[in-house]
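Text of protein08.cif (mmCIF, C-alpha atoms) as supplied:
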```cif
data_target
loop_
_atom_site.label_atom_id
_atom_site.label_comp_id
_atom_site.auth_asym_id
_atom_site.auth_seq_id
_atom_site.Cartn_x
_atom_site.Cartn_y
_atom_site.Cartn_z
CA MET A 1 -47.18 -7.11 40.62
CA ASN A 2 -44.56 -4.39 41.08
CA LYS A 3 -41.84 -7.01 41.18
CA ASN A 4 -42.87 -8.42 37.77
CA MET A 5 -42.99 -4.97 36.23
CA ILE A 6 -39.51 -4.19 37.47
CA ILE A 7 -38.06 -7.46 36.21
CA THR A 8 -39.61 -7.14 32.72
CA GLY A 9 -38.43 -3.53 32.64
CA LEU A 10 -34.93 -4.63 33.53
CA ILE A 11 -34.92 -7.33 30.89
CA ILE A 12 -36.02 -4.89 28.22
CA PHE A 13 -33.42 -2.43 29.39
CA VAL A 14 -30.60 -4.99 29.23
CA LEU A 15 -31.72 -6.15 25.79
CA ALA A 16 -31.78 -2.58 24.54
CA VAL A 17 -28.43 -1.66 26.01
CA LEU A 18 -26.79 -4.68 24.45
CA SER A 19 -28.46 -4.07 21.09
CA PRO A 20 -25.17 -3.42 19.23
CA PHE A 21 -24.06 -6.92 20.21
CA TRP A 22 -27.32 -8.48 19.01
CA PHE A 23 -27.00 -6.54 15.81
CA ASN A 24 -23.51 -7.87 15.26
CA ILE A 25 -24.60 -11.43 15.96
CA ILE A 26 -27.37 -11.20 13.39
CA THR A 27 -25.38 -9.50 10.66
CA THR A 28 -22.23 -11.01 9.26
CA ILE A 29 -19.07 -9.01 9.75
CA GLU A 30 -16.90 -8.56 6.76
CA ALA A 31 -13.26 -9.22 7.45
CA ALA A 32 -10.91 -6.34 6.67
CA PRO A 33 -9.81 -6.67 3.08
CA LYS A 34 -6.15 -7.50 2.62
CA PRO A 35 -4.28 -5.05 0.45
CA GLU A 36 -3.55 -6.93 -2.74
CA LEU A 37 -0.03 -6.95 -4.05
CA LEU A 38 -0.14 -6.84 -7.80
CA GLY A 39 2.30 -6.22 -10.60
CA ASN A 40 5.62 -4.78 -9.53
CA ALA A 41 4.83 -4.92 -5.86
CA LYS A 42 4.28 -8.66 -6.06
CA GLU A 43 7.61 -9.29 -7.71
CA GLU A 44 9.71 -6.86 -5.74
CA LYS A 45 8.92 -8.19 -2.26
CA LYS A 46 10.58 -5.24 -0.57
CA CYS A 47 8.95 -2.19 0.84
CA VAL A 48 10.04 0.88 2.68
CA LEU A 49 9.30 -0.57 6.09
CA GLU A 50 8.45 -4.00 7.31
CA LYS A 51 4.92 -5.14 6.51
CA TYR A 52 3.34 -4.60 9.92
CA ASP A 53 5.20 -1.38 10.53
CA MET A 54 3.98 -0.16 7.16
CA ARG A 55 0.39 -1.06 7.94
CA ALA A 56 0.44 0.81 11.20
CA ASN A 57 2.63 3.75 10.30
CA HIS A 58 2.26 4.60 6.64
CA PRO A 59 0.38 7.85 7.32
CA SER A 60 3.16 9.22 9.50
CA LEU A 61 5.76 7.98 7.06
CA LEU A 62 4.05 9.88 4.25
CA ASP A 63 3.84 12.92 6.47
CA GLU A 64 7.55 12.73 7.16
CA TRP A 65 8.30 12.26 3.47
CA ARG A 66 6.28 15.27 2.48
CA ASP A 67 8.12 17.53 4.91
CA SER A 68 11.43 16.17 3.75
CA VAL A 69 10.67 16.69 0.06
CA VAL A 70 9.00 20.07 0.30
CA ARG A 71 11.01 21.66 3.09
CA ASP A 72 14.48 20.12 2.88
CA SER A 73 14.38 19.15 -0.82
CA ASP A 74 15.57 15.67 0.11
CA ARG A 75 13.84 13.25 -2.21
CA GLN A 76 15.73 10.01 -1.78
CA TYR A 77 14.91 7.65 1.06
CA LYS A 78 17.45 4.99 1.87
CA ALA A 79 15.38 2.64 3.98
CA ALA A 80 16.70 0.67 6.93
CA ASN A 81 16.58 -2.45 4.74
CA GLY A 82 19.10 -0.87 2.36
CA HIS A 83 16.78 -0.18 -0.57
CA THR A 84 16.44 3.31 -1.94
CA PHE A 85 13.09 4.83 -2.77
CA GLU A 86 11.84 8.03 -4.33
CA MET A 87 9.87 9.91 -1.68
CA SER A 88 6.86 10.39 -3.87
CA LEU A 89 3.30 9.20 -3.77
CA SER A 90 2.67 8.84 -7.45
CA THR A 91 5.49 10.07 -9.68
CA GLY A 92 7.96 7.69 -11.19
CA LYS A 93 8.67 3.98 -11.01
CA ASN A 94 10.21 4.16 -7.58
CA SER A 95 7.30 5.91 -5.87
CA CYS A 96 4.43 4.33 -3.92
CA LEU A 97 2.09 4.00 -6.88
CA GLY A 98 4.99 3.17 -9.17
CA CYS A 99 5.19 -0.16 -7.40
CA HIS A 100 1.68 -0.60 -6.03
CA GLU A 101 0.11 -0.07 -9.38
CA ASP A 102 -3.52 -0.66 -8.54
CA LYS A 103 -4.68 2.12 -6.28
CA ALA A 104 -8.20 0.73 -5.96
CA LYS A 105 -7.02 -2.60 -4.63
CA PHE A 106 -4.09 -1.32 -2.64
CA CYS A 107 -5.20 1.95 -1.05
CA ASP A 108 -8.92 2.28 -1.49
CA SER A 109 -10.09 -1.15 -0.39
CA CYS A 110 -8.73 -0.70 3.14
CA HIS A 111 -9.54 2.98 3.39
CA THR A 112 -13.12 2.34 2.41
CA TYR A 113 -13.42 -0.50 4.92
CA ALA A 114 -11.96 1.62 7.71
CA SER A 115 -14.05 4.56 6.59
CA VAL A 116 -11.11 6.89 6.31
CA ASP A 117 -11.10 9.41 3.54
CA PRO A 118 -7.62 10.85 3.05
CA TYR A 119 -7.62 13.79 0.67
CA CYS A 120 -4.38 12.82 -1.10
CA TRP A 121 -6.10 12.38 -4.44
CA GLU A 122 -7.69 15.78 -4.53
CA CYS A 123 -4.31 16.95 -5.77
CA HIS A 124 -2.11 13.95 -6.39
CA THR A 125 -3.00 12.01 -9.48
CA ASN A 126 -3.07 8.34 -10.14
CA PRO A 127 -1.15 7.99 -13.42
CA LYS A 128 -3.43 5.10 -14.37
CA GLU A 129 -6.51 7.30 -14.15
CA ILE A 130 -5.22 9.89 -16.58
CA LYS A 131 -6.31 8.84 -19.97
CA MET B 1 19.37 -2.72 64.08
CA MET B 2 20.78 -0.50 61.37
CA GLU B 3 21.13 3.15 62.15
CA LYS B 4 21.37 5.45 59.12
CA SER B 5 23.65 8.33 59.76
CA ARG B 6 23.33 11.54 57.84
CA ARG B 7 26.77 10.83 56.35
CA SER B 8 25.86 7.42 54.90
CA PHE B 9 22.59 8.76 53.54
CA LEU B 10 24.35 11.57 51.70
CA ARG B 11 26.94 9.14 50.35
CA VAL B 12 24.28 6.87 48.85
CA ALA B 13 22.31 9.81 47.47
CA GLY B 14 25.44 11.22 45.88
CA ILE B 15 26.29 7.95 44.15
CA ALA B 16 22.72 7.64 42.94
CA ALA B 17 22.85 11.17 41.49
CA ILE B 18 26.05 10.37 39.60
CA GLY B 19 24.45 7.21 38.27
CA LEU B 20 21.44 9.14 36.98
CA GLY B 21 23.67 11.65 35.29
CA VAL B 22 25.75 9.00 33.59
CA SER B 23 22.93 6.76 32.38
CA PRO B 24 21.83 8.86 29.32
CA ALA B 25 25.42 8.91 28.12
CA MET B 26 25.68 5.18 28.63
CA ASN B 27 22.44 4.60 26.75
CA PHE B 28 23.62 6.79 23.92
CA ALA B 29 26.95 4.98 23.69
CA SER B 30 25.37 1.54 23.78
CA SER B 31 22.70 2.36 21.19
CA ASP B 32 25.38 3.73 18.91
CA SER B 33 27.57 0.69 19.16
CA ASN B 34 25.01 -1.98 18.32
CA GLY B 35 23.63 0.46 15.66
CA ALA B 36 20.44 -0.95 14.10
CA ALA B 37 20.17 0.30 10.54
CA VAL B 38 18.51 3.69 10.29
CA ALA B 39 16.75 5.18 7.30
CA VAL B 40 18.57 8.08 5.67
CA LYS B 41 17.04 10.84 3.59
CA GLY B 42 19.11 12.61 1.00
CA LYS B 43 19.24 14.43 -2.29
CA ASN B 44 19.53 12.89 -5.72
CA GLU B 45 23.10 12.78 -6.90
CA GLN B 46 22.32 14.84 -9.98
CA ALA B 47 20.46 17.54 -8.05
CA LEU B 48 21.43 21.10 -8.92
CA ILE B 49 22.39 22.98 -5.79
CA ALA B 50 22.82 26.69 -5.12
CA LYS B 51 23.14 28.95 -2.12
CA ARG B 52 20.55 31.31 -3.53
CA TRP B 53 18.82 30.63 -6.82
CA GLY B 54 18.35 33.59 -9.08
CA MET B 55 17.21 34.31 -12.59
CA VAL B 56 18.36 36.70 -15.29
CA ILE B 57 15.96 37.55 -18.10
CA ASP B 58 17.40 39.14 -21.20
CA THR B 59 14.56 41.35 -22.41
CA SER B 60 16.16 41.83 -25.82
CA LYS B 61 15.58 38.15 -26.52
CA LEU B 62 11.93 38.17 -25.53
CA ASN B 63 9.15 38.20 -28.07
CA LYS B 64 5.56 37.08 -28.17
CA GLU B 65 6.35 33.72 -29.63
CA ILE B 66 9.03 32.74 -27.14
CA ASN B 67 7.02 34.08 -24.24
CA GLU B 68 4.06 31.96 -25.18
CA LYS B 69 6.25 28.93 -25.55
CA MET B 70 7.68 29.43 -22.07
CA ILE B 71 4.30 30.06 -20.49
CA GLU B 72 2.85 26.99 -22.12
CA ALA B 73 5.75 24.79 -21.08
CA CYS B 74 5.46 25.94 -17.48
CA HIS B 75 1.69 25.81 -17.17
CA LYS B 76 1.38 22.47 -18.89
CA ALA B 77 4.01 20.84 -16.74
CA HIS B 78 2.58 22.20 -13.50
CA ASN B 79 -1.05 21.46 -14.28
CA VAL B 80 -2.02 25.12 -14.15
CA PRO B 81 -5.68 25.40 -15.19
CA ASP B 82 -6.66 27.43 -18.23
CA PHE B 83 -10.15 28.81 -17.78
CA ASN B 84 -10.56 29.18 -21.53
CA HIS B 85 -10.37 25.43 -21.83
CA GLU B 86 -13.67 23.86 -22.73
CA VAL B 87 -14.84 21.63 -19.91
CA ASP B 88 -15.64 18.02 -20.63
CA LYS B 89 -19.30 17.99 -19.61
CA GLY B 90 -19.40 14.22 -19.42
CA LYS B 91 -16.64 14.08 -16.84
CA TYR B 92 -17.51 17.24 -14.92
CA PRO B 93 -21.24 17.77 -15.33
CA LYS B 94 -21.72 20.34 -12.58
CA THR B 95 -19.15 22.93 -13.64
CA ARG B 96 -20.21 26.50 -12.97
CA PRO B 97 -19.57 29.22 -15.56
CA VAL B 98 -16.11 30.74 -15.46
CA ASN B 99 -15.18 34.06 -13.91
CA HIS B 100 -12.13 35.16 -15.86
CA LYS B 101 -10.93 37.41 -13.07
CA GLN B 102 -10.04 34.25 -11.20
CA GLU B 103 -7.24 33.45 -13.59
CA ILE B 104 -4.34 31.32 -12.35
CA LYS B 105 -0.83 31.98 -13.55
CA TRP B 106 2.74 31.10 -12.63
CA ILE B 107 4.50 33.08 -15.36
CA TRP B 108 2.88 35.62 -17.63
CA GLU B 109 3.33 38.62 -19.90
CA GLU B 110 3.16 42.13 -18.53
CA HIS B 111 3.72 45.51 -20.12
CA PHE B 112 6.46 47.81 -18.88
CA PRO B 113 4.34 50.27 -16.86
CA TYR B 114 2.79 47.40 -14.90
CA ALA B 115 5.95 45.39 -14.53
CA PHE B 116 8.00 48.41 -13.45
CA PRO B 117 5.55 51.00 -12.11
CA ASP B 118 8.33 52.87 -10.32
CA LYS B 119 10.19 53.39 -13.59
CA GLU B 120 7.41 55.22 -15.33
CA ASP B 121 8.78 57.77 -17.72
CA GLU B 122 7.20 60.11 -20.19
CA PHE B 123 10.10 59.57 -22.56
CA LEU B 124 10.52 55.84 -22.11
CA ALA B 125 12.54 54.19 -24.87
CA GLU B 126 10.15 53.25 -27.59
CA LYS B 127 11.00 49.57 -27.74
CA PHE B 128 9.69 49.11 -24.20
CA HIS B 129 6.22 50.41 -25.02
CA ASP B 130 5.05 47.28 -26.72
CA LEU B 131 7.52 44.75 -25.46
CA PRO B 132 5.77 42.08 -23.45
CA PHE B 133 7.91 41.48 -20.40
CA LEU B 134 7.83 38.13 -18.78
CA VAL B 135 7.13 38.19 -15.05
CA THR B 136 6.90 35.50 -12.43
CA CYS B 137 7.56 35.01 -8.74
CA ASN B 138 10.70 36.95 -7.85
CA HIS B 139 11.80 34.52 -5.13
CA CYS B 140 12.64 37.56 -3.02
CA LYS B 141 15.47 37.42 -0.56
CA ASN B 142 13.24 39.33 1.82
CA ALA B 143 9.91 37.83 0.83
CA PRO B 144 6.81 39.54 2.27
CA CYS B 145 4.61 36.54 1.46
CA VAL B 146 6.71 34.36 3.74
CA GLN B 147 6.28 36.81 6.56
CA ALA B 148 2.55 37.05 5.97
CA CYS B 149 1.79 33.34 5.89
CA PRO B 150 0.25 32.30 9.20
CA THR B 151 0.76 28.55 8.71
CA LYS B 152 4.25 28.50 7.22
CA ALA B 153 2.76 27.03 4.07
CA THR B 154 4.84 29.56 2.17
CA PHE B 155 8.43 29.52 3.26
CA LYS B 156 11.91 30.24 2.06
CA ARG B 157 13.99 27.19 1.33
CA GLU B 158 17.65 27.15 2.29
CA ASP B 159 18.58 27.64 -1.35
CA GLY B 160 16.56 30.83 -1.65
CA ILE B 161 13.53 29.43 -3.43
CA VAL B 162 10.27 30.76 -2.06
CA ILE B 163 8.08 27.73 -2.20
CA MET B 164 4.73 26.50 -0.96
CA ASP B 165 3.62 23.47 0.89
CA PHE B 166 0.18 23.17 -0.66
CA HIS B 167 -0.85 20.71 2.03
CA ARG B 168 -0.55 23.39 4.62
CA CYS B 169 -2.21 26.28 2.82
CA ILE B 170 -5.48 27.28 4.45
CA GLY B 171 -6.41 29.71 1.69
CA CYS B 172 -6.36 32.87 3.82
CA ARG B 173 -4.70 34.78 0.96
CA PHE B 174 -2.61 36.99 3.25
CA CYS B 175 0.32 36.15 0.97
CA MET B 176 -1.55 37.48 -2.03
CA ALA B 177 -2.15 40.74 -0.25
CA ALA B 178 1.48 40.87 0.82
CA CYS B 179 3.06 40.13 -2.56
CA PRO B 180 3.69 43.42 -4.38
CA TYR B 181 4.19 41.61 -7.70
CA GLY B 182 0.86 39.80 -8.01
CA SER B 183 2.75 36.55 -8.36
CA ARG B 184 0.19 34.47 -6.53
CA SER B 185 -3.11 33.05 -7.66
CA PHE B 186 -5.93 31.57 -5.67
CA ASN B 187 -7.92 28.49 -6.60
CA PHE B 188 -11.46 29.74 -6.27
CA ARG B 189 -12.66 26.44 -7.65
CA ASP B 190 -11.48 22.93 -8.37
CA PRO B 191 -8.93 23.41 -11.15
CA ARG B 192 -9.16 19.90 -12.58
CA PRO B 193 -11.93 20.45 -15.14
CA PHE B 194 -9.81 23.17 -16.72
CA ILE B 195 -6.63 21.19 -17.18
CA ALA B 196 -6.52 19.99 -20.74
CA GLU B 197 -3.87 17.35 -20.25
CA THR B 198 -2.90 16.41 -16.73
CA ASN B 199 0.81 15.87 -16.26
CA PRO B 200 1.17 12.83 -14.00
CA ASP B 201 4.57 14.03 -12.76
CA PHE B 202 3.17 16.96 -10.85
CA PRO B 203 0.12 17.19 -8.61
CA THR B 204 -2.80 19.46 -9.36
CA ARG B 205 -4.11 21.76 -6.67
CA SER B 206 -7.40 21.62 -4.86
CA LYS B 207 -9.99 24.30 -4.31
CA GLY B 208 -8.98 26.82 -1.66
CA VAL B 209 -5.21 26.96 -1.96
CA VAL B 210 -2.90 29.60 -3.33
CA GLU B 211 -0.28 28.71 -5.90
CA LYS B 212 2.70 30.26 -7.65
CA CYS B 213 5.99 29.55 -9.41
CA ASN B 214 8.25 27.12 -7.54
CA LEU B 215 11.29 27.69 -9.76
CA CYS B 216 10.78 24.08 -10.87
CA ALA B 217 12.13 22.72 -7.60
CA GLU B 218 11.04 19.28 -8.77
CA ARG B 219 13.27 19.59 -11.82
CA LEU B 220 16.29 21.09 -10.06
CA SER B 221 16.23 18.07 -7.78
CA LYS B 222 16.65 15.84 -10.83
CA GLY B 223 19.47 17.94 -12.28
CA GLU B 224 17.27 19.59 -14.89
CA LEU B 225 16.77 23.30 -15.54
CA PRO B 226 13.36 24.94 -15.12
CA HIS B 227 10.85 24.58 -17.93
CA CYS B 228 10.91 28.28 -18.80
CA VAL B 229 14.69 28.25 -19.13
CA GLU B 230 14.56 25.26 -21.42
CA ALA B 231 11.93 26.84 -23.64
CA SER B 232 13.46 30.32 -23.58
CA GLU B 233 16.09 29.89 -26.33
CA GLY B 234 18.64 31.60 -24.14
CA ALA B 235 16.48 34.46 -22.88
CA ILE B 236 16.43 33.17 -19.30
CA VAL B 237 19.38 31.98 -17.27
CA VAL B 238 19.17 30.60 -13.76
CA GLY B 239 22.05 30.15 -11.38
CA ASP B 240 23.53 30.79 -7.99
CA LEU B 241 23.49 34.47 -7.04
CA GLU B 242 25.89 33.87 -4.17
CA ASN B 243 28.54 32.29 -6.35
CA PRO B 244 30.65 34.94 -8.18
CA GLU B 245 31.62 32.42 -10.84
CA SER B 246 28.09 31.35 -11.71
CA GLU B 247 26.61 32.18 -15.09
CA VAL B 248 24.10 34.64 -13.67
CA ARG B 249 26.76 36.54 -11.75
CA VAL B 250 29.02 36.73 -14.79
CA ILE B 251 26.15 38.22 -16.82
CA LEU B 252 25.23 40.65 -14.05
CA LYS B 253 28.84 41.78 -13.77
CA GLU B 254 28.88 42.80 -17.41
CA GLN B 255 25.40 44.10 -18.08
CA TYR B 256 23.09 46.55 -16.43
CA ALA B 257 20.04 44.83 -15.00
CA ILE B 258 17.06 46.03 -13.00
CA ARG B 259 14.65 44.31 -10.68
CA ARG B 260 10.96 44.94 -10.18
CA ASN B 261 10.09 47.53 -7.55
CA GLU B 262 13.48 47.53 -5.87
CA ALA B 263 12.50 50.43 -3.63
CA LEU B 264 10.27 48.13 -1.59
CA GLY B 265 13.29 46.32 -0.21
CA THR B 266 12.05 42.84 -1.03
CA GLU B 267 15.33 42.07 -2.83
CA PRO B 268 13.94 40.16 -5.81
CA SER B 269 16.12 37.42 -7.28
CA VAL B 270 14.87 37.94 -10.82
CA TYR B 271 16.92 40.40 -12.88
CA TYR B 272 15.97 42.01 -16.16
CA ILE B 273 18.68 43.04 -18.61
CA MET B 274 17.34 46.09 -20.41
#
```

Would you write the structure of this file as structure tokens?
Amino acid sequence: MNKNMIITGLIIFVLAVLSPFWFNIITTIEAAPKPELLGNAKEEKKCVLEKYDMRANHPSLLDEWRDSVVRDSDRQYKAANGHTFEMSLSTGKNSCLGCHEDKAKFCDSCHTYASVDPYCWECHTNPKEIK
Amino acid sequence: MMEKSRRSFLRVAGIAAIGLGVSPAMNFASSDSNGAAVAVKGKNEQALIAKRWGMVIDTSKLNKEINEKMIEACHKAHNVPDFNHEVDKGKYPKTRPVNHKQEIKWIWEEHFPYAFPDKEDEFLAEKFHDLPFLVTCNHCKNAPCVQACPTKATFKREDGIVIMDFHRCIGCRFCMAACPYGSRSFNFRDPRPFIAETNPDFPTRSKGVVEKCNLCAERLSKGELPHCVEASEGAIVVGDLENPESEVRVILKEQYAIRRNEALGTEPSVYYIM
């Protein structure tokens, strides 16, 4: 009798402990959305860093840019690939949003998926959103 | 069987030590020679550069009309909120009523006794009684706000501009207490509902940060003069205070000018020709 109780207890325990896995098997997992390249960005085919580097390191790049612009008043970034960019998130044609025109499909889709909530847009403005 | 003598051990150790010492130099030399392209940051070619930016305001050219023009140009361009602006209830439904003491300003009018409290005089020249002076951040050489800031959000740039990194401001307001000129304003609330027309070329601020004049650093970097100078019809001149040939120095050589509260030793960079 004791033996049966212990075994059923163990089974229940294992099932409960592995519940996240069961949950994932039942529900379908959405693949991470790919940032869509639209408008200028689609035609230009050149970015500040290489694609994978950009995906992994864009937050630290932006951090570096901000310090450079605000502290050293250096606003031009001549990238390793030879192209020159304006170190700005949203002002001018040569800034991030100047090329990646659709913020919702370029920034927000991934950020929402990854559940990160950068507070860039509390101050910086998306020129498209200003009527 | 190999016997290690003290002598041979020391010899090997010595060679190894030299090797260790040389290797960083070798690495440096080799990385330099096959030089993978490196990103370079720099200034715009047109950028206006100075050793120490300063401003001369000719008070004889100031009047209400020009002052208002300058203030509007500055505040509009920098997305400074105007709490008299009627809030769009559709867009911002939960806006609390305004407390007008929480005004935000970068450049504003001030009467003589408030602008120059140390120069109070019973027999002050009559024209100064009603003249609205124009005051802004003095970009002090010896700025107390920079010393007060605990996060280095406010700092002095190499070219003398006292500027803020809004990202870093924690809203402690030590700088506001430190500034003897009242040049700083605090965002007690989200400023966006009170910006009539948002200028996409400059960010807004968020609730909880301090703000002030930045001498249009964003314009100087593009080779343009500050908004107030452009709107001033010649009343304001900016230039390099460290360059004896600059326009501001030439003016200061010829005309008597005062600064606000000089006795405090903050060394303001804004001069007023009386």

Next item on the list: Pull out every residue of chain A that has at least one atom within 8 Å of chain B, counting all atoms listed in the file, and report them as a PyMOL selection string.
Entry: chain A and resi 68+70-81+90-92+122-127+130

Emit the selected residues as a PDB file, in the coordinates of the input, including C-alpha atoms.
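That gives us result09.pdb:
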```
ATOM      1  CA  SER A  68      11.430  16.170   3.750  1.00  0.00           C
ATOM      2  CA  VAL A  70       9.000  20.070   0.300  1.00  0.00           C
ATOM      3  CA  ARG A  71      11.010  21.660   3.090  1.00  0.00           C
ATOM      4  CA  ASP A  72      14.480  20.120   2.880  1.00  0.00           C
ATOM      5  CA  SER A  73      14.380  19.150  -0.820  1.00  0.00           C
ATOM      6  CA  ASP A  74      15.570  15.670   0.110  1.00  0.00           C
ATOM      7  CA  ARG A  75      13.840  13.250  -2.210  1.00  0.00           C
ATOM      8  CA  GLN A  76      15.730  10.010  -1.780  1.00  0.00           C
ATOM      9  CA  TYR A  77      14.910   7.650   1.060  1.00  0.00           C
ATOM     10  CA  LYS A  78      17.450   4.990   1.870  1.00  0.00           C
ATOM     11  CA  ALA A  79      15.380   2.640   3.980  1.00  0.00           C
ATOM     12  CA  ALA A  80      16.700   0.670   6.930  1.00  0.00           C
ATOM     13  CA  ASN A  81      16.580  -2.450   4.740  1.00  0.00           C
ATOM     14  CA  SER A  90       2.670   8.840  -7.450  1.00  0.00           C
ATOM     15  CA  THR A  91       5.490  10.070  -9.680  1.00  0.00           C
ATOM     16  CA  GLY A  92       7.960   7.690 -11.190  1.00  0.00           C
ATOM     17  CA  GLU A 122      -7.690  15.780  -4.530  1.00  0.00           C
ATOM     18  CA  CYS A 123      -4.310  16.950  -5.770  1.00  0.00           C
ATOM     19  CA  HIS A 124      -2.110  13.950  -6.390  1.00  0.00           C
ATOM     20  CA  THR A 125      -3.000  12.010  -9.480  1.00  0.00           C
ATOM     21  CA  ASN A 126      -3.070   8.340 -10.140  1.00  0.00           C
ATOM     22  CA  PRO A 127      -1.150   7.990 -13.420  1.00  0.00           C
ATOM     23  CA  ILE A 130      -5.220   9.890 -16.580  1.00  0.00           C
TER      24      ILE A 130
END
```

Got a sec: who's within 7 Å of Lys51 (chain B), counting only C-alpha atoms, leaving out chain neighbours fewer than 5 positions off, as a short mmCIF file (atom, residue, chain, number, x, y, z; two decimals) with C-alpha atoms, in the coordinates of the input?
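Resulting contents of out-v6.cif:
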```cif
data_model
loop_
_atom_site.label_atom_id
_atom_site.label_comp_id
_atom_site.auth_asym_id
_atom_site.auth_seq_id
_atom_site.Cartn_x
_atom_site.Cartn_y
_atom_site.Cartn_z
CA ASP B 159 18.58 27.64 -1.35
CA GLY B 160 16.56 30.83 -1.65
CA ASP B 240 23.53 30.79 -7.99
CA GLU B 242 25.89 33.87 -4.17
#
```

Check: Could you state the separation of CA of Ala257 (chain B) and CA of Leu124 (chain B) in Å, given to one decimal place?
Finding: 16.2 Å

Show which residues sit within 10 Å of Tyr113 (chain A), as an mmCIF file with C-alpha atoms, in the frame of the given file. Count all atoms listed in the file, and ignore same-chain residues fewer than 5 positions away.
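This went into out_24.cif:
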```cif
data_model
loop_
_atom_site.group_PDB
_atom_site.id
_atom_site.type_symbol
_atom_site.label_atom_id
_atom_site.label_comp_id
_atom_site.auth_asym_id
_atom_site.auth_seq_id
_atom_site.Cartn_x
_atom_site.Cartn_y
_atom_site.Cartn_z
ATOM 1 C CA GLU A 30 -16.900 -8.560 6.760
ATOM 2 C CA ALA A 31 -13.260 -9.220 7.450
ATOM 3 C CA ALA A 32 -10.910 -6.340 6.670
ATOM 4 C CA PRO A 33 -9.810 -6.670 3.080
ATOM 5 C CA ASP A 108 -8.920 2.280 -1.490
#
```

Margin query: Here is a test: counting only C-alpha atoms, which residue of A:Leu37, A:His83, A:Pro59, A:Ser115 is nearest to Asp102 (chain A)?
Written below: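 Ranking A:Leu37, A:His83, A:Pro59, A:Ser115 by distance to Asp102 (chain A), first place goes to A:Leu37.
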
Next item on the list: Compare B:Asn67, B:His85, B:Leu215, B:Ser185 by their minimum atom-to-atom distance to Pro97 (chain B), counting all atoms listed in the file, and give me the closest one.
Entry: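 Comparing B:Asn67, B:His85, B:Leu215, B:Ser185 against Pro97 (chain B), the winner is B:His85.
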
Check: Between CA of Val209 (chain B) and CA of Arg173 (chain B), what is the spacing in Å?
Finding: 8.4 Å

Item checked: Nearest residue to Glu43 (chain A) from the set A:His111, A:His100, A:Lys128, A:Lys3 (distances using all atoms listed in the file) ->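 Of the candidates, the smallest distance to Glu43 (chain A) is held by A:His100.
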
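One distance worth recording is that between CA of Cys137 (chain B) and CA of Pro244 (chain B), which is 23.1 Å.
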
Next item on the list: Do a neighbour search on region 99-107 of chain B at 7 Å with only C-alpha atoms, toss out local chain neighbours closer than 3 positions, and write the hits as a PyMOL selection string.
Entry: chain B and resi 71+80-81+83+134-136+183+185-186+188+212-213

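Closest approach to Cys175 (chain B) among B:His111, B:Arg189, B:Lys152, B:His129 is made by B:Lys152 (distances from only C-alpha atoms).
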
Check: Written as a list of chain:residue names, which residues does the PyMOL selection byres ((chain B and resi 174) around 12) give for the file shown?
Finding: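 Written out, the selection comes to B:Pro144, B:Cys145, B:Val146, B:Gln147, B:Ala148, B:Cys149, B:Pro150, B:Thr151, B:Lys152, B:Ala153, B:Thr154, B:Cys169, B:Ile170, B:Gly171, B:Cys172, B:Arg173, B:Cys175, B:Met176, B:Ala177, B:Ala178, B:Cys179, B:Pro180, B:Arg184, B:Ser185, B:Phe186, B:Val209, B:Val210.
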
Since the input lacks atoms, please generate N, CA and C atoms for region 51-60 of chain A and provide them as a PDB file, keeping the file's coordinate frame.
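Listing of part_24.pdb after writing:
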```pdb
ATOM      1  N   LYS A  51       6.354  -5.099   6.816  1.00  0.00           N
ATOM      2  CA  LYS A  51       4.920  -5.140   6.510  1.00  0.00           C
ATOM      3  C   LYS A  51       4.046  -4.549   7.623  1.00  0.00           C
ATOM      4  N   TYR A  52       4.239  -5.017   8.842  1.00  0.00           N
ATOM      5  CA  TYR A  52       3.340  -4.600   9.920  1.00  0.00           C
ATOM      6  C   TYR A  52       3.584  -3.155  10.317  1.00  0.00           C
ATOM      7  N   ASP A  53       4.844  -2.761  10.252  1.00  0.00           N
ATOM      8  CA  ASP A  53       5.200  -1.380  10.530  1.00  0.00           C
ATOM      9  C   ASP A  53       4.534  -0.477   9.494  1.00  0.00           C
ATOM     10  N   MET A  54       4.564  -0.935   8.255  1.00  0.00           N
ATOM     11  CA  MET A  54       3.980  -0.160   7.160  1.00  0.00           C
ATOM     12  C   MET A  54       2.472  -0.021   7.369  1.00  0.00           C
ATOM     13  N   ARG A  55       1.833  -1.115   7.741  1.00  0.00           N
ATOM     14  CA  ARG A  55       0.390  -1.060   7.940  1.00  0.00           C
ATOM     15  C   ARG A  55       0.026  -0.041   9.004  1.00  0.00           C
ATOM     16  N   ALA A  56       0.792  -0.059  10.079  1.00  0.00           N
ATOM     17  CA  ALA A  56       0.440   0.810  11.200  1.00  0.00           C
ATOM     18  C   ALA A  56       0.886   2.243  10.965  1.00  0.00           C
ATOM     19  N   ASN A  57       2.007   2.422  10.290  1.00  0.00           N
ATOM     20  CA  ASN A  57       2.630   3.750  10.300  1.00  0.00           C
ATOM     21  C   ASN A  57       2.723   4.451   8.959  1.00  0.00           C
ATOM     22  N   HIS A  58       2.060   3.933   7.930  1.00  0.00           N
ATOM     23  CA  HIS A  58       2.260   4.600   6.640  1.00  0.00           C
ATOM     24  C   HIS A  58       1.779   6.058   6.615  1.00  0.00           C
ATOM     25  N   PRO A  59       0.739   6.425   7.378  1.00  0.00           N
ATOM     26  CA  PRO A  59       0.380   7.850   7.320  1.00  0.00           C
ATOM     27  C   PRO A  59       1.483   8.752   7.862  1.00  0.00           C
ATOM     28  N   SER A  60       2.111   8.338   8.965  1.00  0.00           N
ATOM     29  CA  SER A  60       3.160   9.220   9.500  1.00  0.00           C
ATOM     30  C   SER A  60       4.404   9.176   8.630  1.00  0.00           C
TER      31      SER A  60
END
```
